[in-house]
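Here is the file data.cif (mmCIF, C-alpha atoms).
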data_data
loop_
_atom_site.group_PDB
_atom_site.id
_atom_site.type_symbol
_atom_site.label_atom_id
_atom_site.label_comp_id
_atom_site.auth_asym_id
_atom_site.auth_seq_id
_atom_site.Cartn_x
_atom_site.Cartn_y
_atom_site.Cartn_z
ATOM 1 C CA MET M 1 5.416 11.129 10.663
ATOM 2 C CA ILE M 2 3.685 8.052 12.031
ATOM 3 C CA VAL M 3 5.648 5.909 14.482
ATOM 4 C CA VAL M 4 4.381 2.490 15.525
ATOM 5 C CA ASN M 5 6.351 0.945 18.375
ATOM 6 C CA GLY M 6 5.687 -2.628 19.484
ATOM 7 C CA VAL M 7 1.931 -2.419 18.936
ATOM 8 C CA SER M 8 -0.352 -5.389 19.593
ATOM 9 C CA LYS M 9 -4.141 -5.724 19.550
ATOM 10 C CA SER M 10 -6.341 -8.686 20.444
ATOM 11 C CA PHE M 11 -10.050 -9.376 20.200
ATOM 12 C CA GLY M 12 -10.764 -12.047 22.764
ATOM 13 C CA ASP M 13 -8.414 -14.929 22.005
ATOM 14 C CA ILE M 14 -7.672 -13.625 18.490
ATOM 15 C CA LEU M 15 -4.356 -11.789 18.161
ATOM 16 C CA ALA M 16 -5.076 -9.434 15.246
ATOM 17 C CA VAL M 17 -1.895 -7.331 15.416
ATOM 18 C CA ASP M 18 1.262 -8.776 16.911
ATOM 19 C CA ASN M 19 4.136 -6.561 18.110
ATOM 20 C CA ILE M 20 4.364 -4.327 15.026
ATOM 21 C CA THR M 21 7.031 -1.641 14.731
ATOM 22 C CA LEU M 22 7.279 0.660 11.722
ATOM 23 C CA ASP M 23 7.750 4.265 10.623
ATOM 24 C CA ILE M 24 5.705 6.036 7.937
ATOM 25 C CA LYS M 25 7.323 9.203 6.621
ATOM 26 C CA LYS M 26 5.297 12.312 5.878
ATOM 27 C CA GLY M 27 4.591 12.809 2.183
ATOM 28 C CA SER M 28 5.192 9.170 1.292
ATOM 29 C CA VAL M 29 2.659 6.655 -0.001
ATOM 30 C CA PHE M 30 2.684 3.616 2.266
ATOM 31 C CA GLY M 31 1.186 0.412 0.915
ATOM 32 C CA LEU M 32 0.003 -2.078 3.520
ATOM 33 C CA ILE M 33 -0.335 -5.502 1.932
ATOM 34 C CA GLY M 34 -1.646 -8.830 3.131
ATOM 35 C CA THR M 35 -4.456 -11.325 2.675
ATOM 36 C CA ASN M 36 -7.844 -11.010 4.351
ATOM 37 C CA GLY M 37 -7.358 -11.606 8.058
ATOM 38 C CA ALA M 38 -3.709 -10.519 8.051
ATOM 39 C CA GLY M 39 -4.474 -7.545 10.321
ATOM 40 C CA LYS M 40 -4.518 -4.688 7.779
ATOM 41 C CA SER M 41 -7.852 -3.186 8.815
ATOM 42 C CA THR M 42 -7.059 -3.486 12.506
ATOM 43 C CA LEU M 43 -3.694 -1.781 12.033
ATOM 44 C CA LEU M 44 -5.300 1.040 10.049
ATOM 45 C CA ARG M 45 -7.831 1.610 12.826
ATOM 46 C CA LEU M 46 -5.018 1.698 15.354
ATOM 47 C CA LEU M 47 -3.077 4.212 13.252
ATOM 48 C CA CYS M 48 -5.954 6.661 13.025
ATOM 49 C CA GLY M 49 -7.089 6.229 16.637
ATOM 50 C CA ILE M 50 -10.345 4.346 16.148
ATOM 51 C CA LEU M 51 -8.970 1.512 18.270
ATOM 52 C CA ALA M 52 -6.704 1.688 21.315
ATOM 53 C CA GLU M 53 -3.622 -0.509 21.311
ATOM 54 C CA ASP M 54 -3.326 -3.242 23.948
ATOM 55 C CA ALA M 55 0.455 -2.866 24.005
ATOM 56 C CA GLY M 56 2.938 -0.461 22.461
ATOM 57 C CA THR M 57 2.308 3.038 21.137
ATOM 58 C CA VAL M 58 1.072 4.771 17.987
ATOM 59 C CA THR M 59 2.103 8.400 17.543
ATOM 60 C CA ILE M 60 1.644 10.974 14.804
ATOM 61 C CA ASP M 61 4.235 13.736 14.842
ATOM 62 C CA GLY M 62 5.159 12.763 18.382
ATOM 63 C CA GLU M 63 1.621 12.699 19.848
ATOM 64 C CA ARG M 64 -0.472 9.702 20.871
ATOM 65 C CA VAL M 65 -3.411 9.217 18.517
ATOM 66 C CA PHE M 66 -6.159 7.540 20.523
ATOM 67 C CA GLU M 67 -8.687 10.064 21.925
ATOM 68 C CA ASN M 68 -6.531 12.948 20.661
ATOM 69 C CA ILE M 69 -8.992 15.279 18.913
ATOM 70 C CA ALA M 70 -6.312 17.596 17.519
ATOM 71 C CA ILE M 71 -4.486 14.705 15.847
ATOM 72 C CA LYS M 72 -7.676 13.038 14.605
ATOM 73 C CA GLU M 73 -8.665 16.259 12.866
ATOM 74 C CA ARG M 74 -5.614 15.698 10.675
ATOM 75 C CA CYS M 75 -6.702 12.169 9.739
ATOM 76 C CA PHE M 76 -9.424 10.727 7.511
ATOM 77 C CA TYR M 77 -10.313 7.045 7.452
ATOM 78 C CA ILE M 78 -11.960 5.426 4.413
ATOM 79 C CA SER M 79 -13.471 2.149 5.562
ATOM 80 C CA ASP M 80 -13.723 -0.919 3.376
ATOM 81 C CA ASN M 81 -17.396 -1.119 4.392
ATOM 82 C CA GLN M 82 -18.865 2.202 3.350
ATOM 83 C CA TYR M 83 -21.101 3.866 5.937
ATOM 84 C CA PHE M 84 -23.338 6.827 5.319
ATOM 85 C CA PHE M 85 -26.251 8.212 7.277
ATOM 86 C CA SER M 86 -29.650 6.760 6.395
ATOM 87 C CA ASN M 87 -31.224 8.425 3.348
ATOM 88 C CA CYS M 88 -28.439 11.004 3.129
ATOM 89 C CA THR M 89 -27.160 12.619 -0.065
ATOM 90 C CA PRO M 90 -23.593 13.628 -1.015
ATOM 91 C CA ASN M 91 -24.507 17.179 -0.035
ATOM 92 C CA ASP M 92 -25.559 15.958 3.418
ATOM 93 C CA MET M 93 -22.173 14.261 3.871
ATOM 94 C CA ARG M 94 -20.401 17.395 2.659
ATOM 95 C CA ASN M 95 -22.163 19.509 5.300
ATOM 96 C CA TYR M 96 -21.535 16.913 8.006
ATOM 97 C CA TYR M 97 -17.806 16.669 7.371
ATOM 98 C CA ALA M 98 -17.527 20.440 6.999
ATOM 99 C CA ASP M 99 -18.679 20.703 10.624
ATOM 100 C CA ILE M 100 -15.995 18.233 11.767
ATOM 101 C CA TYR M 101 -12.999 19.273 9.662
ATOM 102 C CA ARG M 102 -12.242 22.983 9.827
ATOM 103 C CA LYS M 103 -10.217 22.880 6.616
ATOM 104 C CA PHE M 104 -12.950 21.086 4.645
ATOM 105 C CA ASP M 105 -13.114 22.571 1.134
ATOM 106 C CA LYS M 106 -16.744 22.641 -0.020
ATOM 107 C CA ASN M 107 -15.817 24.095 -3.403
ATOM 108 C CA ARG M 108 -13.430 21.226 -4.042
ATOM 109 C CA PHE M 109 -16.077 18.731 -2.977
ATOM 110 C CA ASP M 110 -18.606 20.190 -5.402
ATOM 111 C CA SER M 111 -16.075 20.297 -8.228
ATOM 112 C CA LEU M 112 -14.958 16.697 -7.728
ATOM 113 C CA LEU M 113 -18.528 15.477 -7.421
ATOM 114 C CA GLN M 114 -19.305 17.071 -10.766
ATOM 115 C CA SER M 115 -16.128 15.674 -12.343
ATOM 116 C CA PHE M 116 -17.044 12.170 -11.169
ATOM 117 C CA GLY M 117 -20.551 12.581 -12.562
ATOM 118 C CA LEU M 118 -22.319 12.081 -9.225
ATOM 119 C CA ASN M 119 -25.655 13.704 -8.404
ATOM 120 C CA PRO M 120 -25.224 15.756 -5.188
ATOM 121 C CA LYS M 121 -28.933 15.422 -4.316
ATOM 122 C CA ARG M 122 -29.383 11.710 -4.993
ATOM 123 C CA LYS M 123 -29.623 9.396 -1.979
ATOM 124 C CA ILE M 124 -26.346 7.552 -1.502
ATOM 125 C CA ASN M 125 -28.098 4.285 -0.652
ATOM 126 C CA THR M 126 -29.159 4.120 -4.305
ATOM 127 C CA PHE M 127 -25.534 4.355 -5.490
ATOM 128 C CA SER M 128 -23.493 1.371 -6.635
ATOM 129 C CA LYS M 129 -20.548 0.108 -4.574
ATOM 130 C CA GLY M 130 -18.103 1.954 -6.805
ATOM 131 C CA MET M 131 -20.080 5.198 -6.622
ATOM 132 C CA LYS M 132 -20.124 4.988 -2.826
ATOM 133 C CA LYS M 133 -16.340 4.536 -2.841
ATOM 134 C CA GLN M 134 -16.071 7.644 -5.019
ATOM 135 C CA VAL M 135 -18.118 9.671 -2.517
ATOM 136 C CA SER M 136 -15.851 8.474 0.303
ATOM 137 C CA VAL M 137 -12.717 9.472 -1.599
ATOM 138 C CA ILE M 138 -14.173 12.894 -2.438
ATOM 139 C CA CYS M 139 -15.048 13.457 1.226
ATOM 140 C CA ALA M 140 -11.552 12.405 2.244
ATOM 141 C CA VAL M 141 -9.565 14.650 -0.091
ATOM 142 C CA SER M 142 -11.953 17.571 0.473
ATOM 143 C CA ALA M 143 -11.315 17.343 4.228
ATOM 144 C CA MET M 144 -7.743 18.474 3.461
ATOM 145 C CA THR M 145 -6.237 16.288 6.161
ATOM 146 C CA ASP M 146 -2.550 15.438 6.441
ATOM 147 C CA TYR M 147 -3.169 11.672 6.562
ATOM 148 C CA ILE M 148 -5.664 9.501 4.689
ATOM 149 C CA PHE M 149 -6.111 5.872 5.734
ATOM 150 C CA CYS M 150 -7.546 3.796 2.901
ATOM 151 C CA ASP M 151 -8.902 0.295 3.489
ATOM 152 C CA GLU M 152 -9.313 -1.457 0.106
ATOM 153 C CA THR M 153 -10.255 1.919 -1.364
ATOM 154 C CA PHE M 154 -9.657 0.903 -4.972
ATOM 155 C CA ASP M 155 -11.776 -2.236 -4.678
ATOM 156 C CA GLY M 156 -15.005 -1.659 -6.624
ATOM 157 C CA LEU M 157 -13.674 1.216 -8.710
ATOM 158 C CA ASP M 158 -13.415 0.771 -12.458
ATOM 159 C CA PRO M 159 -9.962 1.263 -14.085
ATOM 160 C CA VAL M 160 -10.671 4.870 -15.101
ATOM 161 C CA MET M 161 -11.792 5.841 -11.608
ATOM 162 C CA ARG M 162 -8.820 4.062 -10.023
ATOM 163 C CA GLN M 163 -6.445 6.143 -12.107
ATOM 164 C CA ALA M 164 -8.419 9.300 -11.322
ATOM 165 C CA VAL M 165 -8.169 8.664 -7.574
ATOM 166 C CA LYS M 166 -4.447 7.939 -7.844
ATOM 167 C CA SER M 167 -3.964 11.202 -9.763
ATOM 168 C CA ILE M 168 -5.817 13.155 -7.070
ATOM 169 C CA PHE M 169 -3.665 11.559 -4.372
ATOM 170 C CA ALA M 170 -0.495 12.329 -6.327
ATOM 171 C CA GLY M 171 -1.519 15.968 -6.683
ATOM 172 C CA ASP M 172 -2.203 16.366 -2.966
ATOM 173 C CA ILE M 173 1.082 14.674 -2.081
ATOM 174 C CA ALA M 174 2.972 17.113 -4.301
ATOM 175 C CA ASP M 175 1.011 20.211 -3.229
ATOM 176 C CA ARG M 176 0.724 19.724 0.534
ATOM 177 C CA GLU M 177 2.614 16.546 1.502
ATOM 178 C CA MET M 178 -0.512 14.539 2.193
ATOM 179 C CA THR M 179 0.346 11.028 3.373
ATOM 180 C CA PRO M 180 -1.875 8.166 2.172
ATOM 181 C CA ILE M 181 -1.673 4.781 3.901
ATOM 182 C CA ILE M 182 -3.336 2.284 1.577
ATOM 183 C CA ALA M 183 -4.244 -1.237 2.687
ATOM 184 C CA SER M 184 -4.836 -3.805 -0.032
ATOM 185 C CA HIS M 185 -4.484 -7.504 -0.790
ATOM 186 C CA ASN M 186 -3.578 -6.716 -4.409
ATOM 187 C CA LEU M 187 0.084 -6.016 -5.113
ATOM 188 C CA ARG M 188 -0.471 -4.956 -8.702
ATOM 189 C CA GLU M 189 -2.920 -2.254 -7.625
ATOM 190 C CA LEU M 190 -0.340 -0.476 -5.483
ATOM 191 C CA GLU M 191 2.733 -0.862 -7.639
ATOM 192 C CA ASP M 192 2.413 2.427 -9.539
ATOM 193 C CA ILE M 193 1.560 4.644 -6.562
ATOM 194 C CA CYS M 194 3.381 3.416 -3.439
ATOM 195 C CA ASP M 195 6.968 4.277 -2.591
ATOM 196 C CA HIS M 196 7.095 2.198 0.595
ATOM 197 C CA ILE M 197 5.568 -1.232 1.171
ATOM 198 C CA GLY M 198 4.796 -3.195 4.308
ATOM 199 C CA LEU M 199 3.725 -6.844 4.244
ATOM 200 C CA LEU M 200 1.505 -8.181 7.031
ATOM 201 C CA HIS M 201 1.165 -11.881 7.729
ATOM 202 C CA LYS M 202 -0.851 -13.336 10.608
ATOM 203 C CA GLY M 203 -0.818 -10.011 12.430
ATOM 204 C CA GLY M 204 2.936 -9.469 12.199
ATOM 205 C CA MET M 205 4.988 -7.209 9.956
ATOM 206 C CA LEU M 206 6.913 -9.568 7.716
ATOM 207 C CA LEU M 207 8.656 -6.886 5.650
ATOM 208 C CA SER M 208 8.785 -3.088 5.436
ATOM 209 C CA HIS M 209 10.957 -1.605 2.706
ATOM 210 C CA ASP M 210 11.353 1.372 0.414
ATOM 211 C CA LEU M 211 10.215 0.182 -3.005
ATOM 212 C CA GLU M 212 13.020 1.844 -4.962
ATOM 213 C CA ASP M 213 15.668 0.388 -2.665
ATOM 214 C CA MET M 214 14.162 -3.038 -3.177
ATOM 215 C CA LYS M 215 14.165 -2.615 -6.949
ATOM 216 C CA LEU M 216 17.791 -1.474 -6.963
ATOM 217 C CA GLY M 217 18.908 -4.434 -4.887
ATOM 218 C CA ILE M 218 17.262 -7.282 -6.813
ATOM 219 C CA HIS M 219 17.611 -8.012 -10.546
ATOM 220 C CA LYS M 220 15.952 -10.439 -12.920
ATOM 221 C CA ILE M 221 18.144 -11.621 -15.782
ATOM 222 C CA GLN M 222 17.106 -13.760 -18.723
ATOM 223 C CA ALA M 223 19.894 -15.412 -20.685
ATOM 224 C CA VAL M 224 20.781 -18.241 -23.085
ATOM 225 C CA PHE M 225 24.121 -20.056 -22.674
ATOM 226 C CA ASN M 226 26.054 -22.603 -24.695
ATOM 227 C CA GLU M 227 26.595 -24.673 -21.545
ATOM 228 C CA GLU M 228 24.589 -25.977 -18.611
ATOM 229 C CA ILE M 229 24.318 -23.371 -15.860
ATOM 230 C CA THR M 230 23.785 -23.929 -12.111
ATOM 231 C CA ARG M 231 24.023 -21.728 -9.016
ATOM 232 C CA GLU M 232 27.589 -22.958 -8.579
ATOM 233 C CA SER M 233 28.478 -21.446 -11.961
ATOM 234 C CA PHE M 234 28.470 -17.999 -10.338
ATOM 235 C CA PRO M 235 30.052 -18.313 -6.873
ATOM 236 C CA SER M 236 30.385 -14.534 -6.486
ATOM 237 C CA LEU M 237 26.633 -13.917 -6.862
ATOM 238 C CA GLU M 238 23.801 -14.225 -4.348
ATOM 239 C CA ILE M 239 21.323 -16.076 -6.535
ATOM 240 C CA ILE M 240 17.808 -16.087 -5.131
ATOM 241 C CA SER M 241 16.278 -18.237 -7.829
ATOM 242 C CA LEU M 242 17.397 -19.934 -11.030
ATOM 243 C CA ASP M 243 14.875 -21.388 -13.461
ATOM 244 C CA LYS M 244 15.329 -22.962 -16.882
ATOM 245 C CA ARG M 245 12.654 -23.334 -19.517
ATOM 246 C CA GLY M 246 13.964 -24.800 -22.733
ATOM 247 C CA SER M 247 17.232 -22.992 -23.374
ATOM 248 C CA LEU M 248 16.190 -19.794 -21.547
ATOM 249 C CA TYR M 249 17.448 -19.210 -18.009
ATOM 250 C CA THR M 250 15.693 -16.780 -15.675
ATOM 251 C CA ILE M 251 17.964 -15.795 -12.804
ATOM 252 C CA VAL M 252 17.035 -13.509 -9.898
ATOM 253 C CA VAL M 253 20.092 -12.021 -8.211
ATOM 254 C CA ARG M 254 20.545 -9.854 -5.139
ATOM 255 C CA GLY M 255 23.277 -7.199 -5.294
ATOM 256 C CA GLN M 256 24.685 -4.648 -7.718
ATOM 257 C CA GLU M 257 23.489 -4.789 -11.322
ATOM 258 C CA LYS M 258 26.984 -4.261 -12.788
ATOM 259 C CA GLU M 259 28.459 -7.116 -10.753
ATOM 260 C CA ALA M 260 25.647 -9.457 -11.771
ATOM 261 C CA ALA M 261 25.986 -8.547 -15.446
ATOM 262 C CA ALA M 262 29.759 -8.988 -15.358
ATOM 263 C CA ALA M 263 29.493 -12.441 -13.750
ATOM 264 C CA LEU M 264 26.966 -13.682 -16.307
ATOM 265 C CA ASN M 265 28.929 -12.178 -19.212
ATOM 266 C CA SER M 266 31.930 -14.234 -18.120
ATOM 267 C CA LYS M 267 30.036 -17.294 -19.404
ATOM 268 C CA ASN M 268 29.697 -15.696 -22.860
ATOM 269 C CA PRO M 269 25.906 -15.861 -23.120
ATOM 270 C CA VAL M 270 24.321 -16.093 -26.558
ATOM 271 C CA PHE M 271 21.642 -13.746 -25.272
ATOM 272 C CA MET M 272 21.261 -11.759 -22.052
ATOM 273 C CA GLU M 273 18.736 -9.164 -20.878
ATOM 274 C CA ILE M 274 18.187 -7.484 -17.526
ATOM 275 C CA LEU M 275 14.465 -6.942 -16.906
ATOM 276 C CA PRO M 276 12.600 -4.810 -14.352
ATOM 277 C CA LEU M 277 10.920 -6.759 -11.581
ATOM 278 C CA THR M 278 7.276 -6.329 -10.678
ATOM 279 C CA LEU M 279 6.335 -5.676 -7.074
ATOM 280 C CA GLU M 280 5.002 -9.218 -6.823
ATOM 281 C CA GLU M 281 8.313 -10.653 -8.050
ATOM 282 C CA ILE M 282 10.239 -8.533 -5.554
ATOM 283 C CA PHE M 283 8.181 -9.819 -2.655
ATOM 284 C CA ILE M 284 8.437 -13.394 -3.864
ATOM 285 C CA SER M 285 12.200 -12.989 -3.794
ATOM 286 C CA GLU M 286 12.317 -11.247 -0.432
ATOM 287 C CA THR M 287 10.020 -13.668 1.357
ATOM 288 C CA GLU M 288 11.678 -16.814 0.072
ATOM 289 C CA VAL M 289 14.598 -15.935 2.331
ATOM 290 C CA THR M 290 12.343 -15.975 5.401
ATOM 291 C CA GLY M 291 10.726 -19.251 4.397
ATOM 292 C CA TYR M 292 7.322 -17.871 3.388
ATOM 293 C CA ASP M 293 5.552 -18.724 0.140
ATOM 294 C CA ILE M 294 4.385 -15.293 -1.011
ATOM 295 C CA LYS M 295 2.088 -16.864 -3.596
ATOM 296 C CA SER M 296 -0.045 -18.204 -0.771
ATOM 297 C CA LEU M 297 -0.078 -14.821 0.989
ATOM 298 C CA ILE M 298 -0.860 -12.403 -1.817
ATOM 299 C CA VAL M 299 -3.561 -12.442 -4.491
#

Encoding of this model in structure tokens:
Amino acid sequence: MIVVNGVSKSFGDILAVDNITLDIKKGSVFGLIGTNGAGKSTLLRLLCGILAEDAGTVTIDGERVFENIAIKERCFYISDNQYFFSNCTPNDMRNYYADIYRKFDKNRFDSLLQSFGLNPKRKINTFSKGMKKQVSVICAVSAMTDYIFCDETFDGLDPVMRQAVKSIFAGDIADREMTPIIASHNLRELEDICDHIGLLHKGGMLLSHDLEDMKLGIHKIQAVFNEEITRESFPSLEIISLDKRGSLYTIVVRGQEKEAAAALNSKNPVFMEILPLTLEEIFISETEVTGYDIKSLIV
């Protein structure tokens, strides 16, 4: 389990991470979301011990991370900017990481490299951006670490490869409780893999929620009525938003689904349907309460 307690980090007069507190459970998939400059990369580097915090603490399973070799051996960081040794091949990186990570599985590395269609003897500097990302992911999962920190890992991968990487992560989570922490500015990319989401804005943690709990607590209802409807029409409901286009109302409600359906049915709708919310819609609803315009924060 990763515990972040009041962590801050500055670079000169730039406050990159501002008093963040959060818990990341083992075996979960934590999505870290925010625009460029929100502090995602800095927080990831703090979590895996690349950077030292200026204030607060970062611990993994009760131990401080920075300069802790035993803990770092259980972590693998995939940078947004891929770095490989000059003129090295995938085989060179395999041998390098095998010397660092005692649990590194060379057979798995070779098998995945073949499955991804990558030449183990070709120089990595001749690979495309997406191919380099694939090599990084293969190195990461072959290291057999407990935690993988992914900074925009899916950026540059084609749709087939994105699904392949997600499937590999899902298998490792099920088999050995691997914990991926995935930073991205794209909500849609993380929706089908993450079970917990944290939203960074200007270095601070705006929200951190279990995705299923969020989905159960907010409902989008589309309905057609024979009368004009306003928020005051349903005094028992906590209506987050109410929009009308033509005769169709779209109402987002916080609370229990049965209570919301019963209240709307009391107005004898001509048509009513409860629809699942996307992750983007959930965050729009959640952040409106705090006065933030999520559309300006998330791509």

- Query: Written as a ChimeraX atom specification, which residues does the PyMOL selection byres ((chain M and resi 72-82) around 10) give for the file shown?
  - Reply: /M:41,44-45,47-50,60,65-71,83-84,100-103,129,132-133,135-137,139-141,143-155,178-184

- For stretch 185-187 of chain M, work out the shell of residues within 12 Å, counting all atoms listed in the file and skipping chain neighbours fewer than 4 positions away, then give it as a ChimeraX atom specification. /M:31-41,151-155,191-194,197-201,278-284,294-299

Considering all atoms listed in the file, give me a table of residues in stretch 98-213 of chain M that are at most 8 Å from stretch 1-22 of chain M, with the closest atom pair and distance in Å for each, as JSON lines.
{"residue": "M:Lys202", "atom": "CA", "partner": "M:Ala16", "partner_atom": "CA", "distance": 7.4}
{"residue": "M:Gly203", "atom": "CA", "partner": "M:Val17", "partner_atom": "CA", "distance": 4.2}
{"residue": "M:Gly204", "atom": "CA", "partner": "M:Asp18", "partner_atom": "CA", "distance": 5.0}
{"residue": "M:Met205", "atom": "CA", "partner": "M:Ile20", "partner_atom": "CA", "distance": 5.9}
{"residue": "M:Ser208", "atom": "CA", "partner": "M:Leu22", "partner_atom": "CA", "distance": 7.5}

What does the file look like for those residues with C-alpha atoms, as a compact mmCIF listing (two decimals), in the coordinates of the input?
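New file selection09.txt:
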# COMPACT_ATOMS: atom_id res chain seq x y z
CA LYS M 202 -0.85 -13.34 10.61
CA GLY M 203 -0.82 -10.01 12.43
CA GLY M 204 2.94 -9.47 12.20
CA MET M 205 4.99 -7.21 9.96
CA SER M 208 8.78 -3.09 5.44

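For the pair atom CA of M:Asn268 and atom CA of M:Ile229, the interatomic distance is 11.7 Å.
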
- Item | the PyMOL selection byres ((chain M and resi 222) around 8) resolved against shown file, as a ChimeraX atom specification | /M:220-221,223-224,248-251,271-275

Would you mind exporting the chosen residues as a PDB file, keeping the file's coordinate frame, restricted to C-alpha atoms?
ATOM      1  CA  LYS M 220      15.952 -10.439 -12.920  1.00  0.00           C
ATOM      2  CA  ILE M 221      18.144 -11.621 -15.782  1.00  0.00           C
ATOM      3  CA  ALA M 223      19.894 -15.412 -20.685  1.00  0.00           C
ATOM      4  CA  VAL M 224      20.781 -18.241 -23.085  1.00  0.00           C
ATOM      5  CA  LEU M 248      16.190 -19.794 -21.547  1.00  0.00           C
ATOM      6  CA  TYR M 249      17.448 -19.210 -18.009  1.00  0.00           C
ATOM      7  CA  THR M 250      15.693 -16.780 -15.675  1.00  0.00           C
ATOM      8  CA  ILE M 251      17.964 -15.795 -12.804  1.00  0.00           C
ATOM      9  CA  PHE M 271      21.642 -13.746 -25.272  1.00  0.00           C
ATOM     10  CA  MET M 272      21.261 -11.759 -22.052  1.00  0.00           C
ATOM     11  CA  GLU M 273      18.736  -9.164 -20.878  1.00  0.00           C
ATOM     12  CA  ILE M 274      18.187  -7.484 -17.526  1.00  0.00           C
ATOM     13  CA  LEU M 275      14.465  -6.942 -16.906  1.00  0.00           C
TER      14      LEU M 275
END

- Output check: residues returned by the PyMOL selection byres ((chain M and resi 105-121) around 7), as a PyMOL selection string: chain M and resi 89-91+94+103-104+122-123+138-139+142-143

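Relative to atom CA of M:Glu212, atom CA of M:Leu237 is found at 20.9 Å.
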
- Message: What does the structure give for the distance between atom CA of M:Glu228 and atom CA of M:Pro276, in Å to one decimal?
- Response: 24.7 Å

- Message: Could you list, as a PyMOL selection string, every residue within 10 Å of M:Glu227, counting only C-alpha atoms and ignoring same-chain residues fewer than 4 positions away?
- Response: chain M and resi 247+267-269

- So which one's closest to M:Met93, M:Ile124, M:Gly27, M:Leu216, M:Ser241? Using all atoms listed in the file, please. M:Ile124

- Counting all atoms listed in the file, closest pick from M:Ala174, M:Val252, M:Ala260, M:Ile240 relative to M:Leu277 is M:Val252

Kindly complete stretch 138-151 of chain M to N, CA and C atoms; the output should be written as an mmCIF file, in the frame of the given file.
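Just written: result.cif:
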data_model
loop_
_atom_site.group_PDB
_atom_site.id
_atom_site.type_symbol
_atom_site.label_atom_id
_atom_site.label_comp_id
_atom_site.auth_asym_id
_atom_site.auth_seq_id
_atom_site.Cartn_x
_atom_site.Cartn_y
_atom_site.Cartn_z
ATOM 1 N N ILE M 138 -13.953 11.447 -2.290
ATOM 2 C CA ILE M 138 -14.173 12.894 -2.438
ATOM 3 C C ILE M 138 -14.269 13.556 -1.071
ATOM 4 N N CYS M 139 -14.979 12.925 -0.142
ATOM 5 C CA CYS M 139 -15.048 13.457 1.226
ATOM 6 C C CYS M 139 -13.658 13.531 1.845
ATOM 7 N N ALA M 140 -12.875 12.482 1.633
ATOM 8 C CA ALA M 140 -11.552 12.405 2.244
ATOM 9 C C ALA M 140 -10.625 13.504 1.748
ATOM 10 N N VAL M 141 -10.505 13.660 0.431
ATOM 11 C CA VAL M 141 -9.565 14.650 -0.091
ATOM 12 C C VAL M 141 -10.075 16.072 0.122
ATOM 13 N N SER M 142 -11.399 16.235 0.223
ATOM 14 C CA SER M 142 -11.953 17.571 0.473
ATOM 15 C C SER M 142 -11.755 18.000 1.920
ATOM 16 N N ALA M 143 -11.563 17.018 2.820
ATOM 17 C CA ALA M 143 -11.315 17.343 4.228
ATOM 18 C C ALA M 143 -9.951 17.984 4.432
ATOM 19 N N MET M 144 -9.064 17.837 3.439
ATOM 20 C CA MET M 144 -7.743 18.474 3.461
ATOM 21 C C MET M 144 -6.922 18.063 4.680
ATOM 22 N N THR M 145 -7.005 16.787 5.031
ATOM 23 C CA THR M 145 -6.237 16.288 6.161
ATOM 24 C C THR M 145 -4.815 15.936 5.733
ATOM 25 N N ASP M 146 -3.943 15.793 6.718
ATOM 26 C CA ASP M 146 -2.550 15.438 6.441
ATOM 27 C C ASP M 146 -2.391 13.947 6.141
ATOM 28 N N TYR M 147 -3.282 13.124 6.713
ATOM 29 C CA TYR M 147 -3.169 11.672 6.562
ATOM 30 C C TYR M 147 -4.512 11.098 6.122
ATOM 31 N N ILE M 148 -4.469 10.224 5.121
ATOM 32 C CA ILE M 148 -5.664 9.501 4.689
ATOM 33 C C ILE M 148 -5.377 8.008 4.808
ATOM 34 N N PHE M 149 -6.253 7.307 5.526
ATOM 35 C CA PHE M 149 -6.111 5.872 5.734
ATOM 36 C C PHE M 149 -7.150 5.162 4.875
ATOM 37 N N CYS M 150 -6.680 4.390 3.922
ATOM 38 C CA CYS M 150 -7.546 3.796 2.901
ATOM 39 C C CYS M 150 -7.582 2.280 3.049
ATOM 40 N N ASP M 151 -8.749 1.732 3.329
ATOM 41 C CA ASP M 151 -8.902 0.295 3.489
ATOM 42 C C ASP M 151 -9.587 -0.270 2.239
#
